[in-house]
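See below for model-v1.txt, which holds compact mmCIF, C-alpha atoms and all ligand atoms.
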```txt
# COMPACT_ATOMS: atom_id res chain seq x y z
CA MET S 30 55.41 -94.67 86.50
CA ALA S 31 59.08 -95.35 85.97
CA SER S 32 61.42 -92.43 86.53
CA GLU S 33 62.56 -92.58 82.93
CA GLU S 34 58.94 -92.22 81.69
CA LEU S 35 58.33 -89.38 84.16
CA SER S 36 61.40 -87.50 82.93
CA GLN S 37 60.25 -87.86 79.32
CA LEU S 38 56.75 -86.64 80.25
CA ILE S 39 58.20 -83.53 81.95
CA THR S 40 60.37 -82.78 78.92
CA GLU S 41 57.40 -83.09 76.57
CA THR S 42 55.24 -80.91 78.83
CA LYS S 43 57.94 -78.19 78.90
CA LYS S 44 58.13 -78.23 75.12
CA GLN S 45 54.35 -77.94 74.87
CA LEU S 46 54.26 -75.01 77.28
CA GLU S 47 57.01 -73.18 75.38
CA HIS S 48 55.12 -73.75 72.18
CA LEU S 49 51.93 -72.33 73.71
CA ARG S 50 53.85 -69.33 75.06
CA ALA S 51 55.25 -68.71 71.60
CA LEU S 52 51.66 -68.61 70.34
CA GLY S 53 50.77 -65.93 72.89
CA VAL S 54 49.15 -68.09 75.55
CA GLU S 55 49.60 -66.30 78.85
CA GLY S 56 48.39 -68.95 81.22
CA ILE S 57 46.49 -72.17 81.69
CA GLN S 58 43.93 -73.22 84.18
CA ILE S 59 44.61 -76.44 86.01
CA ALA S 60 41.63 -78.70 85.56
CA THR S 61 39.57 -79.51 88.63
CA ALA S 62 38.33 -82.93 89.48
CA THR S 63 34.94 -82.25 87.93
CA ALA S 64 36.37 -80.59 84.90
CA PRO S 65 39.52 -82.40 84.15
CA ALA S 66 40.15 -80.82 80.82
CA VAL S 67 42.87 -78.23 80.56
CA VAL S 68 41.37 -74.91 79.46
CA VAL S 69 43.70 -72.93 77.29
CA GLN S 70 43.28 -69.15 77.39
CA PRO S 71 43.06 -67.78 73.85
CA PRO S 72 45.81 -65.41 72.92
CA ARG S 73 44.92 -61.81 73.73
CA VAL S 74 44.26 -59.93 70.59
CA GLU S 75 45.31 -56.30 70.71
CA PRO S 76 42.76 -53.91 69.15
CA PRO S 77 44.01 -52.32 65.98
CA LYS S 78 45.79 -49.12 66.68
CA ALA S 79 44.35 -45.96 65.20
CA PRO S 80 46.56 -44.67 62.46
CA VAL S 81 48.91 -42.16 63.90
CA ALA S 82 48.70 -38.84 62.17
CA SER S 83 52.02 -37.93 60.79
CA GLU S 84 53.62 -35.02 62.52
CA PRO S 85 53.08 -31.80 60.66
CA THR S 86 56.24 -31.03 58.85
CA THR S 87 57.43 -27.61 59.67
CA SER S 88 59.43 -26.01 56.96
CA LEU S 89 62.47 -24.00 57.88
CA PHE S 90 60.81 -20.64 57.31
CA GLY S 91 57.21 -21.66 58.00
CA ASP S 92 54.36 -21.96 55.56
CA ILE S 93 54.12 -19.39 52.83
CA ALA S 94 50.66 -18.92 51.33
CA PRO S 95 50.52 -19.29 47.55
CA ALA S 96 50.45 -16.02 45.67
CA PRO S 97 46.86 -14.92 44.97
CA ALA S 98 45.72 -15.44 41.40
CA LYS S 99 46.10 -12.34 39.27
CA LEU S 100 43.49 -11.23 36.80
CA THR S 101 44.40 -11.95 33.21
CA LYS S 102 43.82 -9.04 30.86
CA SER S 103 40.98 -9.77 28.46
CA THR S 104 40.90 -8.63 24.84
CA GLU S 105 37.10 -8.89 24.54
CA THR S 106 35.03 -5.76 24.04
CA PHE S 107 32.01 -4.68 26.04
CA GLU S 108 30.00 -4.91 22.82
CA GLN S 109 30.88 -8.59 22.45
CA ILE S 110 29.90 -9.28 26.05
CA HIS S 111 26.64 -7.34 25.76
CA THR S 112 25.76 -9.06 22.50
CA GLU S 113 26.28 -12.40 24.19
CA ILE S 114 24.00 -11.37 27.07
CA GLY S 115 21.37 -10.33 24.53
CA ASP S 116 17.75 -10.60 25.63
CA CYS S 117 18.90 -12.71 28.55
CA THR S 118 16.61 -15.24 30.20
CA ARG S 119 19.30 -17.11 32.11
CA CYS S 120 17.83 -16.33 35.55
CA PRO S 121 14.33 -15.57 36.87
CA LEU S 122 15.01 -11.84 37.08
CA HIS S 123 14.26 -11.54 33.36
CA LEU S 124 10.57 -12.16 34.05
CA GLU S 125 9.74 -8.69 35.37
CA ARG S 126 12.49 -6.49 33.98
CA THR S 127 11.99 -3.80 31.39
CA HIS S 128 15.61 -3.50 30.29
CA VAL S 129 18.89 -5.27 30.83
CA VAL S 130 21.10 -2.64 32.50
CA HIS S 131 24.71 -2.91 31.40
CA THR S 132 27.86 -1.50 32.97
CA GLU S 133 28.59 2.00 31.68
CA GLY S 134 31.34 4.58 31.83
CA ASN S 135 35.00 4.95 31.01
CA ARG S 136 36.40 1.68 29.71
CA LYS S 137 39.89 2.76 30.73
CA ALA S 138 38.79 3.75 34.21
CA ARG S 139 41.11 3.44 37.17
CA LEU S 140 38.08 3.31 39.46
CA MET S 141 34.92 1.20 39.24
CA PHE S 142 31.75 1.15 41.35
CA VAL S 143 29.72 -2.04 41.67
CA GLY S 144 26.23 -2.29 43.16
CA GLU S 145 23.90 -5.26 43.53
CA ALA S 146 21.19 -4.70 40.88
CA PRO S 147 19.20 -1.99 39.09
CA GLY S 148 16.25 -0.29 40.75
CA ALA S 149 13.04 1.08 39.23
CA ASP S 150 14.61 4.15 37.57
CA GLU S 151 17.48 2.13 36.17
CA ASP S 152 15.09 -0.50 34.85
CA VAL S 153 13.19 2.16 32.90
CA GLN S 154 16.22 4.09 31.62
CA ALA S 155 18.47 1.05 31.04
CA ARG S 156 21.32 2.80 32.85
CA PRO S 157 22.92 2.00 36.22
CA PHE S 158 22.63 4.35 39.21
CA VAL S 159 20.39 7.05 37.74
CA GLY S 160 17.76 7.29 40.52
CA ARG S 161 18.13 9.14 43.81
CA ALA S 162 20.80 6.71 44.98
CA GLY S 163 22.59 7.22 41.68
CA GLN S 164 22.53 10.99 42.12
CA LEU S 165 24.11 10.56 45.53
CA LEU S 166 26.74 8.27 44.00
CA THR S 167 27.54 11.00 41.46
CA LYS S 168 28.11 13.43 44.36
CA ILE S 169 30.35 10.89 46.10
CA ILE S 170 32.41 10.50 42.92
CA GLU S 171 32.74 14.27 42.56
CA ALA S 172 33.69 14.59 46.24
CA ILE S 173 36.90 12.65 45.55
CA GLY S 174 37.75 14.86 42.61
CA LEU S 175 36.48 12.77 39.70
CA LYS S 176 33.69 13.09 37.18
CA ARG S 177 31.08 10.38 36.70
CA GLU S 178 32.24 9.88 33.09
CA GLU S 179 35.75 9.08 34.31
CA VAL S 180 34.72 5.99 36.28
CA LEU S 181 32.99 2.73 35.44
CA ILE S 182 29.63 1.88 37.08
CA GLY S 183 27.84 -1.45 37.09
CA ASN S 184 25.97 -4.07 39.07
CA VAL S 185 26.41 -7.75 39.81
CA ASN S 186 22.90 -8.38 38.40
CA ARG S 187 21.65 -6.57 35.31
CA CYS S 188 17.90 -6.97 35.79
CA ARG S 189 15.76 -5.38 38.46
CA PRO S 190 14.60 -7.82 41.16
CA PRO S 191 10.84 -7.54 41.85
CA GLY S 192 10.15 -5.08 44.65
CA ASN S 193 13.87 -4.23 44.77
CA ARG S 194 14.57 -7.36 46.80
CA ALA S 195 18.16 -8.56 46.99
CA PRO S 196 19.10 -10.98 44.20
CA THR S 197 19.38 -14.57 45.34
CA THR S 198 22.75 -16.29 45.40
CA GLU S 199 21.74 -18.30 42.33
CA GLU S 200 20.71 -15.17 40.43
CA ALA S 201 23.95 -13.44 41.34
CA THR S 202 26.02 -16.47 40.44
CA THR S 203 24.35 -16.65 37.03
CA CYS S 204 24.91 -13.00 36.14
CA LYS S 205 28.24 -12.26 37.83
CA PRO S 206 30.49 -13.79 35.15
CA TYR S 207 29.57 -10.97 32.74
CA LEU S 208 30.67 -8.37 35.28
CA LEU S 209 33.90 -10.26 35.90
CA ARG S 210 34.58 -10.34 32.16
CA GLU S 211 34.11 -6.57 32.01
CA ILE S 212 36.47 -6.17 34.95
CA ALA S 213 39.02 -8.30 33.09
CA VAL S 214 38.69 -6.00 30.06
CA VAL S 215 39.12 -2.75 31.98
CA GLN S 216 41.30 -3.92 34.88
CA PRO S 217 40.53 -0.95 37.12
CA GLU S 218 43.00 -0.28 39.91
CA VAL S 219 40.27 0.02 42.55
CA ILE S 220 36.72 -1.30 42.76
CA VAL S 221 34.37 0.29 45.28
CA VAL S 222 31.74 -2.31 46.07
CA LEU S 223 28.50 -0.80 47.32
CA GLY S 224 26.53 -2.55 50.04
CA ASN S 225 26.38 -5.95 51.64
CA THR S 226 24.88 -7.99 48.80
CA ALA S 227 27.23 -6.72 46.11
CA MET S 228 30.22 -7.17 48.39
CA LYS S 229 29.32 -10.75 49.31
CA ASN S 230 28.70 -11.67 45.70
CA LEU S 231 31.81 -10.03 44.29
CA LEU S 232 34.21 -11.21 46.99
CA ASP S 233 32.55 -14.57 47.74
CA THR S 234 32.66 -13.76 51.43
CA ARG S 235 30.28 -14.39 54.32
CA GLU S 236 31.55 -11.38 56.22
CA GLY S 237 29.20 -8.43 56.53
CA ILE S 238 29.72 -4.93 55.18
CA THR S 239 29.95 -3.47 58.69
CA ARG S 240 32.99 -5.64 59.38
CA LEU S 241 34.82 -5.24 56.07
CA ARG S 242 34.01 -1.67 55.05
CA GLY S 243 36.86 0.76 55.18
CA ASN S 244 39.51 -1.91 54.62
CA PHE S 245 40.90 -2.77 51.22
CA GLN S 246 40.11 -6.30 50.10
CA ASP S 247 41.52 -8.12 47.09
CA TYR S 248 39.97 -9.35 43.89
CA LYS S 249 42.72 -11.01 41.84
CA GLY S 250 45.19 -8.24 42.48
CA ILE S 251 42.65 -5.39 42.27
CA LYS S 252 42.04 -3.36 45.40
CA VAL S 253 38.41 -3.60 46.52
CA MET S 254 36.96 -1.11 48.97
CA PRO S 255 33.62 -2.16 50.49
CA THR S 256 31.39 0.67 51.64
CA PHE S 257 27.72 1.41 52.18
CA HIS S 258 25.27 1.51 49.26
CA PRO S 259 24.01 5.05 48.48
CA ALA S 260 20.42 3.84 48.89
CA TYR S 261 21.33 2.91 52.48
CA LEU S 262 22.83 6.36 52.99
CA LEU S 263 19.53 7.90 51.91
CA ARG S 264 17.79 5.90 54.62
CA ASP S 265 20.48 6.50 57.25
CA PRO S 266 22.44 9.72 56.52
CA SER S 267 24.54 9.20 59.67
CA LYS S 268 26.52 6.59 57.70
CA LYS S 269 27.73 9.21 55.23
CA ARG S 270 30.69 10.06 57.46
CA GLU S 271 32.00 6.48 57.40
CA THR S 272 31.44 6.30 53.66
CA TRP S 273 33.42 9.50 53.23
CA GLU S 274 36.29 8.00 55.26
CA ASP S 275 36.24 4.93 53.00
CA LEU S 276 36.26 7.02 49.83
CA LYS S 277 39.13 9.17 51.08
CA LYS S 278 41.22 5.99 51.35
CA VAL S 279 40.33 5.23 47.73
CA ARG S 280 41.26 8.74 46.64
CA ASP S 281 44.56 8.57 48.53
CA TYR S 282 45.40 5.19 46.99
CA LEU S 283 44.68 6.43 43.47
CA ASP S 284 46.65 9.62 44.07
CA SER S 285 49.66 7.75 45.41
CA HIS S 286 49.64 5.22 42.54
CA ARG S 287 49.17 7.64 39.70
CA SER S 288 51.47 6.56 36.87
CA ASP S 289 50.75 9.65 34.75
CA PRO S 290 53.01 12.45 36.08
CA CYS S 291 50.64 15.09 34.69
S1 LIG Z 301 20.01 -10.71 35.88
FE1 LIG Z 301 21.67 -11.27 34.48
S2 LIG Z 301 21.50 -13.51 34.25
FE2 LIG Z 301 19.55 -12.78 35.11
S3 LIG Z 301 18.27 -12.46 33.32
FE3 LIG Z 301 19.24 -10.48 33.79
S4 LIG Z 301 21.08 -10.41 32.51
FE4 LIG Z 301 20.36 -12.55 32.57
```

Go through the file and emit its structure as structure tokens.
Amino acid sequence: MASEELSQLITETKKQLEHLRALGVEGIQIATATAPAVVVQPPRVEPPKAPVASEPTTSLFGDIAPAPAKLTKSTETFEQIHTEIGDCTRCPLHLERTHVVHTEGNRKARLMFVGEAPGADEDVQARPFVGRAGQLLTKIIEAIGLKREEVLIGNVNRCRPPGNRAPTTEEATTCKPYLLREIAVVQPEVIVVLGNTAMKNLLDTREGITRLRGNFQDYKGIKVMPTFHPAYLLRDPSKKRETWEDLKKVRDYLDSHRSDPC
């Protein structure tokens, strides 16, 4: 091969190699005698990178939780709500009830008590908390210096569950809106929620009564004090002391927030 041809071949080869390098080729294998072809390594393909999560942006003064929703005052009346409930068949608890048991008491009450559902006595008399547990509740109310007629008393469910079982989540979810509408009418300053089931249903929490009792919770700006159900106190009187401590906090709150100077 003439030197001029060799020089041209080298120049062409250099150009080809630079072209391959520009395409990402990182090397070539020199062909052997038995395999004279030049094997070109394919360009290495990088796996796609996982999207990088953007750094959390930290505001100057940190995150501030949105203000909790406040309850809007309702102009409905209890009579309108109770008429709408009517001879309710919206959940299975209607099947064995005698009466629908509505919320009763002072419709301008500062304090409300909420239980889970009527029992046998309540089912017969169509009034909440009138059995033995109700009599104990009356004593609890009087112990903090109020009369039963001064407070509001109701349940999440208005029909007696068979065998006094706890209402199911579906049953409570079906009936609860009526209670919430009554709460929006009255807007009590404090709600004492009685027992685990009522507390979970009113506050939409998975926490148990033992953990939350004695500490004010919030329902749309209303103070909520969870404590034991009077029926539980009848079974375990040793819990009366803790209940009394919880109710003293309620009494102190109401006393310190009294707007009427009299
Ligand atoms: S418990 Fe409430 S929703 Fe169920 S049938 Fe009675 S009133 Fe209706």

Original post:
Given the choices S:Cys188, S:His128, S:Leu175, S:Leu166, which gets closest to ligand LIG 301 (chain Z) if the distance is worked out from all atoms listed in the file?
Top reply: S:Cys188

Subject >> Contacts with ligand LIG 301 (chain Z) at most 12 Å, only C-alpha atoms and all ligand atoms counted, listed as a PyMOL selection string >> reply: chain S and resi 110-132+145-147+152+155+183-191+195-208

Subject >> Between CA of Ser267 (chain S) and CA of Leu165 (chain S), distance in Å (one decimal) >> reply: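 These atoms are spaced 14.2 Å apart.
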
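Nearest residue to Gly134 (chain S), choosing from S:Gly224, S:Gly160, S:Gly148, S:Pro217 and counting all atoms listed in the file: S:Pro217.
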
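For region 97-109 of chain S, the residues within 6 Å (counting only C-alpha atoms, excluding itself and residues fewer than 5 positions away along the chain) are Ala213, Val214, Lys249 and Gly250 of chain S.
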
Subject >> Neighbour list for Gly144 (chain S) as a PyMOL selection string, cut-off 10 Å, all atoms listed in the file, skip fewer than 3 positions in-chain >> reply: chain S and resi 147+157-158+182-186+221-228+231+257-259

Find the residues around region 276-287 of chain S up to 12 Å (only C-alpha atoms counted), leave out those fewer than 2 positions away in its own chain, and share them as a PDB file with C-alpha atoms, in the frame of the given file.
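Saved the output as around30.pdb:
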```pdb
ATOM      1  CA  ALA S 138      38.790   3.750  34.210  1.00  0.00           C
ATOM      2  CA  ARG S 139      41.110   3.440  37.170  1.00  0.00           C
ATOM      3  CA  LEU S 140      38.080   3.310  39.460  1.00  0.00           C
ATOM      4  CA  MET S 141      34.920   1.200  39.240  1.00  0.00           C
ATOM      5  CA  PHE S 142      31.750   1.150  41.350  1.00  0.00           C
ATOM      6  CA  LEU S 166      26.740   8.270  44.000  1.00  0.00           C
ATOM      7  CA  LYS S 168      28.110  13.430  44.360  1.00  0.00           C
ATOM      8  CA  ILE S 169      30.350  10.890  46.100  1.00  0.00           C
ATOM      9  CA  ILE S 170      32.410  10.500  42.920  1.00  0.00           C
ATOM     10  CA  GLU S 171      32.740  14.270  42.560  1.00  0.00           C
ATOM     11  CA  ALA S 172      33.690  14.590  46.240  1.00  0.00           C
ATOM     12  CA  ILE S 173      36.900  12.650  45.550  1.00  0.00           C
ATOM     13  CA  GLY S 174      37.750  14.860  42.610  1.00  0.00           C
ATOM     14  CA  LEU S 175      36.480  12.770  39.700  1.00  0.00           C
ATOM     15  CA  PRO S 217      40.530  -0.950  37.120  1.00  0.00           C
ATOM     16  CA  GLU S 218      43.000  -0.280  39.910  1.00  0.00           C
ATOM     17  CA  VAL S 219      40.270   0.020  42.550  1.00  0.00           C
ATOM     18  CA  ILE S 220      36.720  -1.300  42.760  1.00  0.00           C
ATOM     19  CA  VAL S 221      34.370   0.290  45.280  1.00  0.00           C
ATOM     20  CA  VAL S 222      31.740  -2.310  46.070  1.00  0.00           C
ATOM     21  CA  LEU S 223      28.500  -0.800  47.320  1.00  0.00           C
ATOM     22  CA  ARG S 242      34.010  -1.670  55.050  1.00  0.00           C
ATOM     23  CA  GLY S 243      36.860   0.760  55.180  1.00  0.00           C
ATOM     24  CA  ASN S 244      39.510  -1.910  54.620  1.00  0.00           C
ATOM     25  CA  PHE S 245      40.900  -2.770  51.220  1.00  0.00           C
ATOM     26  CA  GLN S 246      40.110  -6.300  50.100  1.00  0.00           C
ATOM     27  CA  ILE S 251      42.650  -5.390  42.270  1.00  0.00           C
ATOM     28  CA  LYS S 252      42.040  -3.360  45.400  1.00  0.00           C
ATOM     29  CA  VAL S 253      38.410  -3.600  46.520  1.00  0.00           C
ATOM     30  CA  MET S 254      36.960  -1.110  48.970  1.00  0.00           C
ATOM     31  CA  PRO S 255      33.620  -2.160  50.490  1.00  0.00           C
ATOM     32  CA  THR S 256      31.390   0.670  51.640  1.00  0.00           C
ATOM     33  CA  PHE S 257      27.720   1.410  52.180  1.00  0.00           C
ATOM     34  CA  LYS S 269      27.730   9.210  55.230  1.00  0.00           C
ATOM     35  CA  ARG S 270      30.690  10.060  57.460  1.00  0.00           C
ATOM     36  CA  GLU S 271      32.000   6.480  57.400  1.00  0.00           C
ATOM     37  CA  THR S 272      31.440   6.300  53.660  1.00  0.00           C
ATOM     38  CA  TRP S 273      33.420   9.500  53.230  1.00  0.00           C
ATOM     39  CA  GLU S 274      36.290   8.000  55.260  1.00  0.00           C
ATOM     40  CA  ASP S 289      50.750   9.650  34.750  1.00  0.00           C
ATOM     41  CA  PRO S 290      53.010  12.450  36.080  1.00  0.00           C
ATOM     42  CA  CYS S 291      50.640  15.090  34.690  1.00  0.00           C
TER      43      CYS S 291
END
```

**OP:** Report the distance between CA of Thr167 (chain S) and CA of Glu236 (chain S) in Å, rounded to one decimal place.
**Re:**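 It comes out at 27.1 Å.
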
Original post:
So how many Å separate CA of Leu241 (chain S) and CA of Lys137 (chain S), to one decimal?
Top reply: 27.1 Å

Work out where the centre of an axis-aligned box around every listed atom of region 277-281 of chain S lies and how long its edges are once 6 Å is added on each side; give both in Å to one decimal as JSON.
```
{"center_x": 41.8, "center_y": 7.2, "center_z": 49.0, "size_x": 17.4, "size_y": 15.9, "size_z": 16.7}
```

Original post:
Pick from S:Ile39, S:Ala162, S:Ile238, S:Arg177: nearest to Arg264 (chain S), with only C-alpha atoms counted?
Top reply: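 Under the stated criterion, the closest residue is S:Ala162.
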
Original post:
From the set S:Lys268, S:Asn135, S:Gly192, S:Glu151, which residue has the shortest atom-to-atom contact distance to Gln216 (chain S), counting all atoms listed in the file?
Top reply: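 Closest to Gln216 (chain S), using all atoms listed in the file: S:Asn135.
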
How would region 102-131 of chain S look with N, CA and C atoms restored, written as a PDB file, in the frame of the given file?
```
ATOM      1  N   LYS S 102      44.409 -10.080  31.700  1.00  0.00           N
ATOM      2  CA  LYS S 102      43.820  -9.040  30.860  1.00  0.00           C
ATOM      3  C   LYS S 102      43.039  -9.687  29.710  1.00  0.00           C
ATOM      4  N   SER S 103      41.818  -9.216  29.522  1.00  0.00           N
ATOM      5  CA  SER S 103      40.980  -9.770  28.460  1.00  0.00           C
ATOM      6  C   SER S 103      41.000  -8.845  27.247  1.00  0.00           C
ATOM      7  N   THR S 104      40.926  -9.437  26.074  1.00  0.00           N
ATOM      8  CA  THR S 104      40.900  -8.630  24.840  1.00  0.00           C
ATOM      9  C   THR S 104      39.487  -8.536  24.275  1.00  0.00           C
ATOM     10  N   GLU S 105      38.484  -9.036  25.005  1.00  0.00           N
ATOM     11  CA  GLU S 105      37.100  -8.890  24.540  1.00  0.00           C
ATOM     12  C   GLU S 105      36.710  -7.416  24.558  1.00  0.00           C
ATOM     13  N   THR S 106      35.604  -7.105  23.915  1.00  0.00           N
ATOM     14  CA  THR S 106      35.030  -5.760  24.040  1.00  0.00           C
ATOM     15  C   THR S 106      33.720  -5.862  24.817  1.00  0.00           C
ATOM     16  N   PHE S 107      33.306  -4.722  25.366  1.00  0.00           N
ATOM     17  CA  PHE S 107      32.010  -4.680  26.040  1.00  0.00           C
ATOM     18  C   PHE S 107      30.890  -5.062  25.064  1.00  0.00           C
ATOM     19  N   GLU S 108      31.056  -4.624  23.806  1.00  0.00           N
ATOM     20  CA  GLU S 108      30.000  -4.910  22.820  1.00  0.00           C
ATOM     21  C   GLU S 108      29.842  -6.421  22.630  1.00  0.00           C
ATOM     22  N   GLN S 109      30.968  -7.124  22.591  1.00  0.00           N
ATOM     23  CA  GLN S 109      30.880  -8.590  22.450  1.00  0.00           C
ATOM     24  C   GLN S 109      30.170  -9.209  23.653  1.00  0.00           C
ATOM     25  N   ILE S 110      30.520  -8.721  24.832  1.00  0.00           N
ATOM     26  CA  ILE S 110      29.900  -9.280  26.050  1.00  0.00           C
ATOM     27  C   ILE S 110      28.399  -8.975  26.062  1.00  0.00           C
ATOM     28  N   HIS S 111      28.050  -7.729  25.704  1.00  0.00           N
ATOM     29  CA  HIS S 111      26.640  -7.340  25.760  1.00  0.00           C
ATOM     30  C   HIS S 111      25.824  -8.053  24.684  1.00  0.00           C
ATOM     31  N   THR S 112      26.450  -8.294  23.540  1.00  0.00           N
ATOM     32  CA  THR S 112      25.760  -9.060  22.500  1.00  0.00           C
ATOM     33  C   THR S 112      25.490 -10.475  22.982  1.00  0.00           C
ATOM     34  N   GLU S 113      26.464 -11.035  23.674  1.00  0.00           N
ATOM     35  CA  GLU S 113      26.280 -12.400  24.190  1.00  0.00           C
ATOM     36  C   GLU S 113      25.166 -12.449  25.238  1.00  0.00           C
ATOM     37  N   ILE S 114      25.079 -11.413  26.054  1.00  0.00           N
ATOM     38  CA  ILE S 114      24.000 -11.370  27.070  1.00  0.00           C
ATOM     39  C   ILE S 114      22.654 -11.281  26.368  1.00  0.00           C
ATOM     40  N   GLY S 115      22.575 -10.437  25.351  1.00  0.00           N
ATOM     41  CA  GLY S 115      21.370 -10.330  24.530  1.00  0.00           C
ATOM     42  C   GLY S 115      20.115 -10.098  25.353  1.00  0.00           C
ATOM     43  N   ASP S 116      19.028 -10.717  24.927  1.00  0.00           N
ATOM     44  CA  ASP S 116      17.750 -10.600  25.630  1.00  0.00           C
ATOM     45  C   ASP S 116      17.694 -11.716  26.672  1.00  0.00           C
ATOM     46  N   CYS S 117      18.556 -11.590  27.660  1.00  0.00           N
ATOM     47  CA  CYS S 117      18.900 -12.710  28.550  1.00  0.00           C
ATOM     48  C   CYS S 117      17.711 -13.253  29.343  1.00  0.00           C
ATOM     49  N   THR S 118      17.623 -14.575  29.363  1.00  0.00           N
ATOM     50  CA  THR S 118      16.610 -15.240  30.200  1.00  0.00           C
ATOM     51  C   THR S 118      17.280 -16.292  31.085  1.00  0.00           C
ATOM     52  N   ARG S 119      18.542 -16.068  31.400  1.00  0.00           N
ATOM     53  CA  ARG S 119      19.300 -17.110  32.110  1.00  0.00           C
ATOM     54  C   ARG S 119      18.929 -17.228  33.584  1.00  0.00           C
ATOM     55  N   CYS S 120      18.287 -16.198  34.155  1.00  0.00           N
ATOM     56  CA  CYS S 120      17.830 -16.330  35.550  1.00  0.00           C
ATOM     57  C   CYS S 120      16.441 -15.723  35.662  1.00  0.00           C
ATOM     58  N   PRO S 121      15.737 -16.006  36.756  1.00  0.00           N
ATOM     59  CA  PRO S 121      14.330 -15.570  36.870  1.00  0.00           C
ATOM     60  C   PRO S 121      14.135 -14.059  36.858  1.00  0.00           C
ATOM     61  N   LEU S 122      15.185 -13.295  37.041  1.00  0.00           N
ATOM     62  CA  LEU S 122      15.010 -11.840  37.080  1.00  0.00           C
ATOM     63  C   LEU S 122      14.584 -11.274  35.723  1.00  0.00           C
ATOM     64  N   HIS S 123      14.681 -12.048  34.673  1.00  0.00           N
ATOM     65  CA  HIS S 123      14.260 -11.540  33.360  1.00  0.00           C
ATOM     66  C   HIS S 123      12.740 -11.382  33.296  1.00  0.00           C
ATOM     67  N   LEU S 124      12.031 -12.088  34.170  1.00  0.00           N
ATOM     68  CA  LEU S 124      10.570 -12.160  34.050  1.00  0.00           C
ATOM     69  C   LEU S 124       9.897 -10.802  34.208  1.00  0.00           C
ATOM     70  N   GLU S 125      10.429  -9.960  35.103  1.00  0.00           N
ATOM     71  CA  GLU S 125       9.740  -8.690  35.370  1.00  0.00           C
ATOM     72  C   GLU S 125      10.576  -7.464  35.002  1.00  0.00           C
ATOM     73  N   ARG S 126      11.650  -7.649  34.332  1.00  0.00           N
ATOM     74  CA  ARG S 126      12.490  -6.490  33.980  1.00  0.00           C
ATOM     75  C   ARG S 126      11.914  -5.787  32.742  1.00  0.00           C
ATOM     76  N   THR S 127      12.290  -4.526  32.620  1.00  0.00           N
ATOM     77  CA  THR S 127      11.990  -3.800  31.390  1.00  0.00           C
ATOM     78  C   THR S 127      13.211  -3.828  30.474  1.00  0.00           C
ATOM     79  N   HIS S 128      14.368  -3.523  31.062  1.00  0.00           N
ATOM     80  CA  HIS S 128      15.610  -3.500  30.290  1.00  0.00           C
ATOM     81  C   HIS S 128      16.714  -4.255  31.035  1.00  0.00           C
ATOM     82  N   VAL S 129      17.621  -4.805  30.268  1.00  0.00           N
ATOM     83  CA  VAL S 129      18.890  -5.270  30.830  1.00  0.00           C
ATOM     84  C   VAL S 129      19.760  -4.014  31.011  1.00  0.00           C
ATOM     85  N   VAL S 130      20.317  -3.848  32.199  1.00  0.00           N
ATOM     86  CA  VAL S 130      21.100  -2.640  32.500  1.00  0.00           C
ATOM     87  C   VAL S 130      22.586  -3.014  32.537  1.00  0.00           C
ATOM     88  N   HIS S 131      23.299  -2.559  31.509  1.00  0.00           N
ATOM     89  CA  HIS S 131      24.710  -2.910  31.400  1.00  0.00           C
ATOM     90  C   HIS S 131      25.594  -1.921  32.159  1.00  0.00           C
TER      91      HIS S 131
END
```
